[in-house]
Amino acid sequence: MNHQPSPSTSALPLPPGTFGLPIVGETFEFIQSPNDFVNRRRAKYGEIFCSNILGANTVFLGTPEANRWIFSGENKYLVNKWSYAISRLLGAQGVAMLVGEAHAKRRAQLSPHFKHDAMAEFVGSIQKIAERHLENWANLGGETSIIERVRLMAFEIATVFIFGATPIDIPYLNRLFRDWTGGMFDPLAPLNLPFTPFGRALRAKQAMFDYLEPIIRKRMELAEQPFDILGSMISVRDENGQPLSLETILHEVQVQLFAGHDTTVTATSNLMMLLALHPDVLERARAEQSACAHITTFDLDSLKHMPYLEQVINEGLRFIPPVNGAFRMAVEDLEYEGYRIPKGWVVLYSPNRTHALPPWTEPQTFDPDRFSPERAEHKQKPFTFIPFGGGPRMCLGRNFAMVEMSIILALLLRHYEWELTPGQDLSLSPLPFPLPRGGLRAHFRRRLSA
Ligand code: HEM
């Protein structure tokens with residue numbers, strides 16, 4: 001099986017599929033329901049097929065073997081590919097946009113602050129913020145949208161991770177962030193008009209820059225940087241002793257907010273939904289928390305006493321991966337599994353699809369025990385469990401996300417209960433993030449027994 005380009009590549013057939021209408025291709029069918037779109041074609045063509053979506057000829061892949069091929073081809077025969085709107089709104093200088101050597105260099109500069117051990121610095125602040133927010137939820141009385149509540153809590157946690165103790169106007173930045181990300185998946189982009197989400201997003205991006213620039217300048221004047229992501233960005237030096245420019249730091253801060261916020265909100269909200277829908281899992285997770293109730297101040301070690309909670313989180317990430325897929329572009333004509341992938345075509349990997357294929361057994365069932373040491377389905381084959389992607393672009397913030405979700409869920413399980421409002425629409429919106437359409441409305445209160 002040859003996965004590399006060769007002189008004979010041009011003689012190979014393209015993957016099976018259709019391209020739809022000129023210019024728009026099959027984008028509208030895809031956007032309506034990516035899952036149905038993929039399932040219809042899988043039934044017809046098998047695991048490899050092509051289409052034209054979002055302005056590019058795209059090859060859809062999903063097996064663990066295909067993931068290996070994609071992740072090991074990063075910056076060799078495949079490079080990162082973002083939509084026009086996202087590239088424009090994220091700017092060119094953040095780690096998620098860089099390719100090749102520049103990408104590897106930035107990853108190496110940022111990685112120390114994202115390592116598991118480094119998370120010890122943030123556990124205390126995450127716990128404090130989460131405790132305050134959850135107590136406020138319980139005091140609300142009546143029905144609330146869990147997703148909207150999680151958003152506010154996760155945004156404050158993200159700002160502490162990035163800016164540490166530096167004072168930030170969180171409601172103002174959050175409003176700008178919502179307008180900014182609201183334009184990233186606007187089908188009307190690049191129309192930059194006052195009323196288009198993309199136009200609003202460009203103005204919000206500028207306002208975020210205007211707000212953050214003096215804050216970052218002031219931090220740059222400090223003789224010693226606090227241990228937070230901004231401090232790490234200000235402190236790094238390249239091989240010539242040069243720091244990152246102010247503009248690069250602004251782009252990088254925005255990338256961290258973009259990559260880390262909605263993903264964590266999606267995972268946490270969906271976990272709350274799944275726990276509410278699976279009382280047996282909820283009770284087991286509560287029992288585990290009762291067994292370690294003596295640990296009232298969390299640290300990284302105490303989170304190790306909650307193996308079932310980790311199984312629940314992993315299963316949540318498998319069952320509803322917050323990131324539905326990511327795109328790569330072929331830098332030359334390629335061969336994959338006997339098909340030609342022409343230079344400039346796009347390849348899509350999809351955690352959602354991979355998580356529904358063997359070796360997972362009964363993948364449509366929410367079953368945290370599949371991650372138990374006895375069953376360990378995720379260990380049966382590499383590249384089977386990919387909620388955080390893989391290879392050189394694997395999620396930089398995965399340790400932070402896992403610690404954050406563990407703390408929030410441990411507190412929820414110990415002290416609170418939430419009852420989903422009957423009759424609401426729990427089906428998942430397809431894009432940009434899979435969240436229950438009805439907003440996950442619930443009555444939230446302190447547990448009487450707690
Ligand atoms: C449950 C939460 C999260 C999920 C499911 C998630 C998922 C992912 C995935 C799938 C990728 C790879 C995208 C690709 O292949 O192109 C990624 C990349 C990334 N994530 Fe996360 N993420 C989460 C939380 C976070 C957090 C909290 C942060 C930062 C604070 C973060 C920062 C990043 C960055 C910077 C990248 C780009 C890495 C690069 O291009 O080298 N993520 N994430």
# chains A, B, ... in the order shown; residues from 1 in each chain; ligands from 1
call {"tool": "residues_around", "arguments": {"residues": "Phe209 (chain A)", "least_positions_apart": "4", "cutoff": "7 Å", "atoms": "only C-alpha atoms", "output": "CSV table (one decimal) with N, CA, C and O atoms, in the first residue's frame"}}
result
chain,number,residue,atom,x,y,z
A,205,LYS,N,-13.4,41.8,16.1
A,205,LYS,CA,-12.0,41.5,16.2
A,205,LYS,C,-11.1,42.7,16.4
A,205,LYS,O,-10.2,42.7,17.3
A,213,GLU,N,-4.7,45.3,23.5
A,213,GLU,CA,-3.4,45.9,23.2
A,213,GLU,C,-2.7,46.6,24.4
A,213,GLU,O,-1.6,46.2,24.8
A,250,LEU,N,-1.1,39.1,20.1
A,250,LEU,CA,-2.6,39.4,20.0
A,250,LEU,C,-3.3,38.3,19.2
A,250,LEU,O,-4.3,37.7,19.6
call {"tool": "residues_around", "arguments": {"residues": "region 34-49 of chain A", "least_positions_apart": "4", "cutoff": "9 Å", "atoms": "only C-alpha atoms", "output": "PyMOL selection string"}}
result
chain A and resi 14-18+29-30+58-63+324+337+352-353+430-431
call {"tool": "write_last_selection", "arguments": {"atoms": "N, CA, C and O atoms", "output": "mmCIF file, in the first residue's frame"}}
result
data_model
loop_
_atom_site.group_PDB
_atom_site.id
_atom_site.type_symbol
_atom_site.label_atom_id
_atom_site.label_comp_id
_atom_site.auth_asym_id
_atom_site.auth_seq_id
_atom_site.Cartn_x
_atom_site.Cartn_y
_atom_site.Cartn_z
ATOM 1 N N LEU A 14 -9.924 8.989 -9.290
ATOM 2 C CA LEU A 14 -10.294 9.827 -8.146
ATOM 3 C C LEU A 14 -11.207 9.007 -7.239
ATOM 4 O O LEU A 14 -11.852 8.060 -7.701
ATOM 5 N N PRO A 15 -11.315 9.373 -5.971
ATOM 6 C CA PRO A 15 -12.281 8.668 -5.113
ATOM 7 C C PRO A 15 -13.685 8.832 -5.682
ATOM 8 O O PRO A 15 -13.975 9.839 -6.342
ATOM 9 N N PRO A 16 -14.585 7.870 -5.433
ATOM 10 C CA PRO A 16 -15.947 8.006 -5.954
ATOM 11 C C PRO A 16 -16.661 9.170 -5.281
ATOM 12 O O PRO A 16 -16.309 9.554 -4.160
ATOM 13 N N GLY A 17 -17.663 9.748 -5.969
ATOM 14 C CA GLY A 17 -18.418 10.846 -5.368
ATOM 15 C C GLY A 17 -18.986 11.755 -6.423
ATOM 16 O O GLY A 17 -18.824 11.515 -7.623
ATOM 17 N N THR A 18 -19.665 12.804 -5.971
ATOM 18 C CA THR A 18 -20.253 13.787 -6.885
ATOM 19 C C THR A 18 -19.816 15.183 -6.439
ATOM 20 O O THR A 18 -19.416 15.373 -5.282
ATOM 21 N N GLU A 29 -26.230 20.968 1.172
ATOM 22 C CA GLU A 29 -26.626 19.649 1.697
ATOM 23 C C GLU A 29 -25.736 19.290 2.889
ATOM 24 O O GLU A 29 -26.201 18.764 3.902
ATOM 25 N N PHE A 30 -24.446 19.617 2.788
ATOM 26 C CA PHE A 30 -23.504 19.293 3.860
ATOM 27 C C PHE A 30 -23.832 20.073 5.134
ATOM 28 O O PHE A 30 -23.915 19.514 6.221
ATOM 29 N N THR A 58 -13.172 17.967 -1.881
ATOM 30 C CA THR A 58 -12.829 17.439 -0.556
ATOM 31 C C THR A 58 -12.953 15.914 -0.526
ATOM 32 O O THR A 58 -13.956 15.368 -0.987
ATOM 33 N N VAL A 59 -11.931 15.262 0.029
ATOM 34 C CA VAL A 59 -11.996 13.815 0.207
ATOM 35 C C VAL A 59 -12.326 13.531 1.672
ATOM 36 O O VAL A 59 -11.658 14.040 2.577
ATOM 37 N N PHE A 60 -13.377 12.756 1.884
ATOM 38 C CA PHE A 60 -13.822 12.421 3.240
ATOM 39 C C PHE A 60 -13.177 11.104 3.664
ATOM 40 O O PHE A 60 -13.318 10.093 2.972
ATOM 41 N N LEU A 61 -12.495 11.131 4.802
ATOM 42 C CA LEU A 61 -11.875 9.924 5.331
ATOM 43 C C LEU A 61 -12.332 9.736 6.771
ATOM 44 O O LEU A 61 -12.701 10.714 7.425
ATOM 45 N N GLY A 62 -12.268 8.497 7.274
ATOM 46 C CA GLY A 62 -12.777 8.327 8.636
ATOM 47 C C GLY A 62 -12.170 7.177 9.410
ATOM 48 O O GLY A 62 -12.294 7.143 10.645
ATOM 49 N N THR A 63 -11.509 6.252 8.761
ATOM 50 C CA THR A 63 -11.029 5.081 9.499
ATOM 51 C C THR A 63 -9.797 5.435 10.334
ATOM 52 O O THR A 63 -9.095 6.411 10.032
ATOM 53 N N ASN A 324 -16.156 18.440 15.020
ATOM 54 C CA ASN A 324 -16.709 17.463 14.072
ATOM 55 C C ASN A 324 -15.720 17.021 13.021
ATOM 56 O O ASN A 324 -15.866 15.972 12.408
ATOM 57 N N GLU A 337 -4.869 4.652 -0.720
ATOM 58 C CA GLU A 337 -5.688 3.446 -0.935
ATOM 59 C C GLU A 337 -6.090 3.284 -2.401
ATOM 60 O O GLU A 337 -7.247 2.966 -2.703
ATOM 61 N N ASN A 352 -16.024 12.363 14.778
ATOM 62 C CA ASN A 352 -17.373 11.849 14.849
ATOM 63 C C ASN A 352 -17.518 10.518 14.102
ATOM 64 O O ASN A 352 -18.138 9.570 14.579
ATOM 65 N N ARG A 353 -16.929 10.471 12.934
ATOM 66 C CA ARG A 353 -17.041 9.273 12.100
ATOM 67 C C ARG A 353 -16.171 8.151 12.654
ATOM 68 O O ARG A 353 -16.599 6.999 12.749
ATOM 69 N N PRO A 430 -25.949 20.799 13.979
ATOM 70 C CA PRO A 430 -24.773 20.200 13.349
ATOM 71 C C PRO A 430 -23.536 21.080 13.361
ATOM 72 O O PRO A 430 -22.424 20.611 13.600
ATOM 73 N N LEU A 431 -23.684 22.373 13.100
ATOM 74 C CA LEU A 431 -22.524 23.247 12.976
ATOM 75 C C LEU A 431 -22.772 24.556 13.724
ATOM 76 O O LEU A 431 -23.915 24.984 13.822
#
call {"tool": "residues_near_ligand", "arguments": {"ligand": "ligand 1", "cutoff": "6 Å", "atoms": "only C-alpha atoms and all ligand atoms", "output": "ChimeraX atom specification"}}
result
/A:95-96,256,259-260,263-264,267,322-323,326,387-389,393-398,400-401
call {"tool": "write_last_selection", "arguments": {"atoms": "N, CA, C and O atoms", "output": "compact mmCIF listing (two decimals), in the first residue's frame"}}
result
# COMPACT_ATOMS: atom_id res chain seq x y z
N VAL A 95 -0.69 29.96 16.41
CA VAL A 95 -0.16 28.61 16.17
C VAL A 95 -1.06 27.78 15.24
O VAL A 95 -0.57 27.01 14.41
N ALA A 96 -2.38 27.95 15.36
CA ALA A 96 -3.28 27.12 14.56
C ALA A 96 -3.19 27.45 13.07
O ALA A 96 -3.62 26.65 12.24
N GLN A 256 -6.06 31.08 21.14
CA GLN A 256 -6.31 30.26 22.34
C GLN A 256 -7.77 30.38 22.78
O GLN A 256 -8.40 29.40 23.15
N ALA A 259 -9.90 28.46 20.09
CA ALA A 259 -9.76 26.99 20.10
C ALA A 259 -10.26 26.38 21.39
O ALA A 259 -10.73 25.24 21.41
N GLY A 260 -10.17 27.14 22.48
CA GLY A 260 -10.43 26.54 23.78
C GLY A 260 -11.82 26.74 24.33
O GLY A 260 -12.29 25.95 25.14
N THR A 263 -15.22 24.71 22.39
CA THR A 263 -14.99 23.27 22.51
C THR A 263 -15.30 22.79 23.92
O THR A 263 -16.01 21.80 24.12
N THR A 264 -14.77 23.52 24.92
CA THR A 264 -14.97 23.11 26.31
C THR A 264 -16.43 23.30 26.73
O THR A 264 -16.99 22.47 27.45
N ALA A 267 -18.35 20.34 25.25
CA ALA A 267 -18.12 19.08 25.96
C ALA A 267 -18.81 19.09 27.32
O ALA A 267 -19.49 18.12 27.69
N PRO A 322 -16.68 17.35 20.36
CA PRO A 322 -17.00 18.77 20.10
C PRO A 322 -16.51 19.26 18.74
O PRO A 322 -17.14 20.10 18.13
N VAL A 323 -15.38 18.73 18.27
CA VAL A 323 -14.88 19.14 16.95
C VAL A 323 -15.29 18.05 15.96
O VAL A 323 -14.85 16.91 16.05
N ALA A 326 -11.68 18.31 10.80
CA ALA A 326 -10.69 19.36 10.48
C ALA A 326 -10.13 19.07 9.09
O ALA A 326 -10.08 17.91 8.66
N PRO A 387 -10.72 12.74 19.93
CA PRO A 387 -11.47 14.00 20.16
C PRO A 387 -10.56 15.21 20.12
O PRO A 387 -11.01 16.32 19.83
N PHE A 388 -9.27 15.01 20.40
CA PHE A 388 -8.33 16.14 20.39
C PHE A 388 -7.45 16.11 19.15
O PHE A 388 -6.39 16.73 19.12
N GLY A 389 -7.86 15.41 18.11
CA GLY A 389 -7.05 15.31 16.89
C GLY A 389 -5.85 14.40 17.13
O GLY A 389 -5.91 13.48 17.96
N ARG A 393 -0.40 18.47 15.23
CA ARG A 393 -1.39 19.51 15.52
C ARG A 393 -2.37 19.10 16.61
O ARG A 393 -3.42 19.72 16.78
N MET A 394 -2.03 18.04 17.33
CA MET A 394 -2.95 17.59 18.37
C MET A 394 -3.23 18.76 19.33
O MET A 394 -2.34 19.59 19.58
N CYS A 395 -4.44 18.80 19.84
CA CYS A 395 -4.88 19.93 20.66
C CYS A 395 -3.85 20.31 21.73
O CYS A 395 -3.45 19.49 22.55
N LEU A 396 -3.47 21.57 21.70
CA LEU A 396 -2.49 22.07 22.67
C LEU A 396 -3.12 22.18 24.06
O LEU A 396 -2.44 22.01 25.07
N GLY A 397 -4.42 22.43 24.11
CA GLY A 397 -5.07 22.71 25.39
C GLY A 397 -5.75 21.50 26.01
O GLY A 397 -6.56 21.66 26.93
N ARG A 398 -5.42 20.27 25.57
CA ARG A 398 -6.19 19.11 26.03
C ARG A 398 -6.03 18.88 27.54
O ARG A 398 -6.97 18.49 28.22
N PHE A 400 -5.49 21.14 29.84
CA PHE A 400 -6.28 22.16 30.53
C PHE A 400 -7.76 21.78 30.46
O PHE A 400 -8.48 21.84 31.46
N ALA A 401 -8.21 21.38 29.27
CA ALA A 401 -9.62 21.04 29.10
C ALA A 401 -10.02 19.89 30.02
O ALA A 401 -11.08 19.94 30.67
call {"tool": "closest_residue", "arguments": {"among": "A:Leu334, A:Met402, A:Leu348, A:Ile408", "to": "Thr9 (chain A)", "atoms": "only C-alpha atoms"}}
result
A:Leu334
call {"tool": "residues_around", "arguments": {"residues": "region 77-94 of chain A", "least_positions_apart": "6", "cutoff": "7 Å", "atoms": "only C-alpha atoms", "output": "VMD selection string"}}
result
chain A and resid 184 to 185 189 to 190 202 205 248 251 to 252 254 to 255 327 to 332
call {"tool": "write_last_selection", "arguments": {"atoms": "N, CA, C and O atoms", "output": "tab-separated table (two decimals), in the first residue's frame"}}
result
chain	number	residue	atom	x	y	z
A	184	MET	N	-17.58	33.31	12.09
A	184	MET	CA	-16.60	32.35	11.56
A	184	MET	C	-17.21	31.32	10.63
A	184	MET	O	-16.53	30.72	9.80
A	185	PHE	N	-18.49	31.06	10.82
A	185	PHE	CA	-19.13	30.05	9.98
A	185	PHE	C	-20.25	30.68	9.14
A	185	PHE	O	-21.20	30.01	8.77
A	189	ALA	N	-19.82	34.98	4.19
A	189	ALA	CA	-18.45	35.51	4.13
A	189	ALA	C	-17.93	35.23	2.71
A	189	ALA	O	-18.27	34.18	2.15
A	190	PRO	N	-17.20	36.16	2.09
A	190	PRO	CA	-16.52	37.32	2.66
A	190	PRO	C	-17.32	38.63	2.61
A	190	PRO	O	-16.71	39.70	2.62
A	202	LEU	N	-15.68	41.04	12.01
A	202	LEU	CA	-14.45	41.80	11.73
A	202	LEU	C	-14.35	43.01	12.66
A	202	LEU	O	-13.28	43.33	13.17
A	205	LYS	N	-13.39	41.82	16.09
A	205	LYS	CA	-11.97	41.45	16.15
A	205	LYS	C	-11.12	42.70	16.43
A	205	LYS	O	-10.24	42.70	17.29
A	248	THR	N	1.76	39.41	17.01
A	248	THR	CA	1.72	37.94	17.09
A	248	THR	C	1.05	37.50	18.40
A	248	THR	O	0.23	36.58	18.41
A	251	HIS	N	-2.66	37.87	18.11
A	251	HIS	CA	-3.23	36.78	17.31
A	251	HIS	C	-3.27	35.49	18.14
A	251	HIS	O	-4.24	34.74	18.12
A	252	GLU	N	-2.18	35.24	18.87
A	252	GLU	CA	-2.07	33.98	19.62
A	252	GLU	C	-3.12	33.93	20.74
A	252	GLU	O	-3.74	32.89	20.97
A	254	GLN	N	-5.97	35.37	20.70
A	254	GLN	CA	-7.27	35.12	20.07
A	254	GLN	C	-7.42	33.66	19.66
A	254	GLN	O	-8.48	33.07	19.79
A	255	VAL	N	-6.32	33.06	19.17
A	255	VAL	CA	-6.38	31.64	18.79
A	255	VAL	C	-6.71	30.79	20.01
A	255	VAL	O	-7.55	29.88	19.95
A	327	PHE	N	-9.75	20.15	8.43
A	327	PHE	CA	-9.35	20.05	7.02
A	327	PHE	C	-7.84	20.14	6.84
A	327	PHE	O	-7.16	20.89	7.57
A	328	ARG	N	-7.33	19.39	5.87
A	328	ARG	CA	-5.94	19.49	5.45
A	328	ARG	C	-5.92	19.60	3.93
A	328	ARG	O	-6.84	19.10	3.25
A	329	MET	N	-4.85	20.21	3.38
A	329	MET	CA	-4.78	20.35	1.92
A	329	MET	C	-3.58	19.58	1.39
A	329	MET	O	-2.49	19.64	1.98
A	330	ALA	N	-3.78	18.89	0.25
A	330	ALA	CA	-2.68	18.14	-0.37
A	330	ALA	C	-1.70	19.13	-1.02
A	330	ALA	O	-2.11	19.97	-1.81
A	331	VAL	N	-0.42	19.02	-0.68
A	331	VAL	CA	0.55	19.96	-1.25
A	331	VAL	C	1.12	19.44	-2.57
A	331	VAL	O	1.89	20.12	-3.24
A	332	GLU	N	0.77	18.20	-2.91
A	332	GLU	CA	1.19	17.61	-4.19
A	332	GLU	C	0.17	16.52	-4.52
A	332	GLU	O	-0.67	16.18	-3.68
call {"tool": "select_by_dssp", "arguments": {"residues": "region 41-122 of chain A", "states": "alpha helix (DSSP H)", "output": "PyMOL selection string"}}
result
chain A and resi 41-45+64-72+84-90+100-110+120-122
call {"tool": "residues_around", "arguments": {"residues": "Arg178 (chain A)", "least_positions_apart": "4", "cutoff": "10 Å", "atoms": "only C-alpha atoms", "output": "list of chain:residue names"}}
result
A:Leu173, A:Asn174, A:Gly182, A:Gly183, A:Ala201, A:Ala204, A:Asp262
call {"tool": "write_last_selection", "arguments": {"atoms": "N, CA, C and O atoms", "output": "CSV table (one decimal), in the first residue's frame"}}
result
chain,number,residue,atom,x,y,z
A,173,LEU,N,-15.3,41.6,27.1
A,173,LEU,CA,-14.6,40.7,26.2
A,173,LEU,C,-15.4,39.6,25.7
A,173,LEU,O,-15.3,39.1,24.5
A,174,ASN,N,-16.3,39.0,26.6
A,174,ASN,CA,-17.2,37.9,26.2
A,174,ASN,C,-18.1,38.4,25.1
A,174,ASN,O,-18.4,37.6,24.1
A,182,GLY,N,-19.1,34.5,16.0
A,182,GLY,CA,-20.4,34.4,15.3
A,182,GLY,C,-20.3,34.6,13.8
A,182,GLY,O,-21.1,34.2,13.0
A,183,GLY,N,-19.1,35.1,13.3
A,183,GLY,CA,-18.9,35.3,11.9
A,183,GLY,C,-18.1,34.2,11.3
A,183,GLY,O,-17.9,34.2,10.1
A,201,ALA,N,-18.3,40.4,12.9
A,201,ALA,CA,-17.1,39.7,13.5
A,201,ALA,C,-15.8,40.5,13.2
A,201,ALA,O,-15.0,40.5,14.1
A,204,ALA,N,-15.7,43.2,15.6
A,204,ALA,CA,-15.4,42.7,17.0
A,204,ALA,C,-14.0,42.4,17.1
A,204,ALA,O,-13.4,42.6,18.2
A,262,ASP,N,-15.4,27.4,22.9
A,262,ASP,CA,-16.6,26.7,22.5
A,262,ASP,C,-16.5,25.2,22.6
A,262,ASP,O,-17.4,24.5,22.8
call {"tool": "select_by_dssp", "arguments": {"residues": "region 280-374 of chain A", "states": "strand (DSSP E)", "output": "JSON, numbers by chain"}}
result
{"A": [326, 327, 328, 329, 330, 334, 335, 336, 339, 340, 341, 346, 347, 348, 349]}
call {"tool": "residues_around", "arguments": {"residues": "Leu274 (chain A)", "least_positions_apart": "2", "cutoff": "10 Å", "atoms": "only C-alpha atoms", "output": "NGL selection string"}}
result
:A and (268-272 or 276-279 or 281-282 or 312 or 315-316 or 319-320 or 366)
call {"tool": "closest_residue", "arguments": {"among": "A:Leu411, A:Val160, A:Leu140, A:Leu426", "to": "Arg445 (chain A)", "atoms": "only C-alpha atoms"}}
result
A:Leu140
call {"tool": "closest_residue", "arguments": {"among": "A:Glu239, A:Asp228, A:Glu288, A:Glu310", "to": "Phe122 (chain A)", "atoms": "only C-alpha atoms"}}
result
A:Asp228
call {"tool": "residues_around", "arguments": {"residues": "Arg446 (chain A)", "least_positions_apart": "4", "cutoff": "12 Å", "atoms": "only C-alpha atoms", "output": "PyMOL selection string"}}
result
chain A and resi 131+134-141+411-419+450
call {"tool": "closest_residue", "arguments": {"among": "A:Phe177, A:Phe28, A:Phe71, A:Phe195", "to": "Val347 (chain A)", "atoms": "only C-alpha atoms"}}
result
A:Phe71
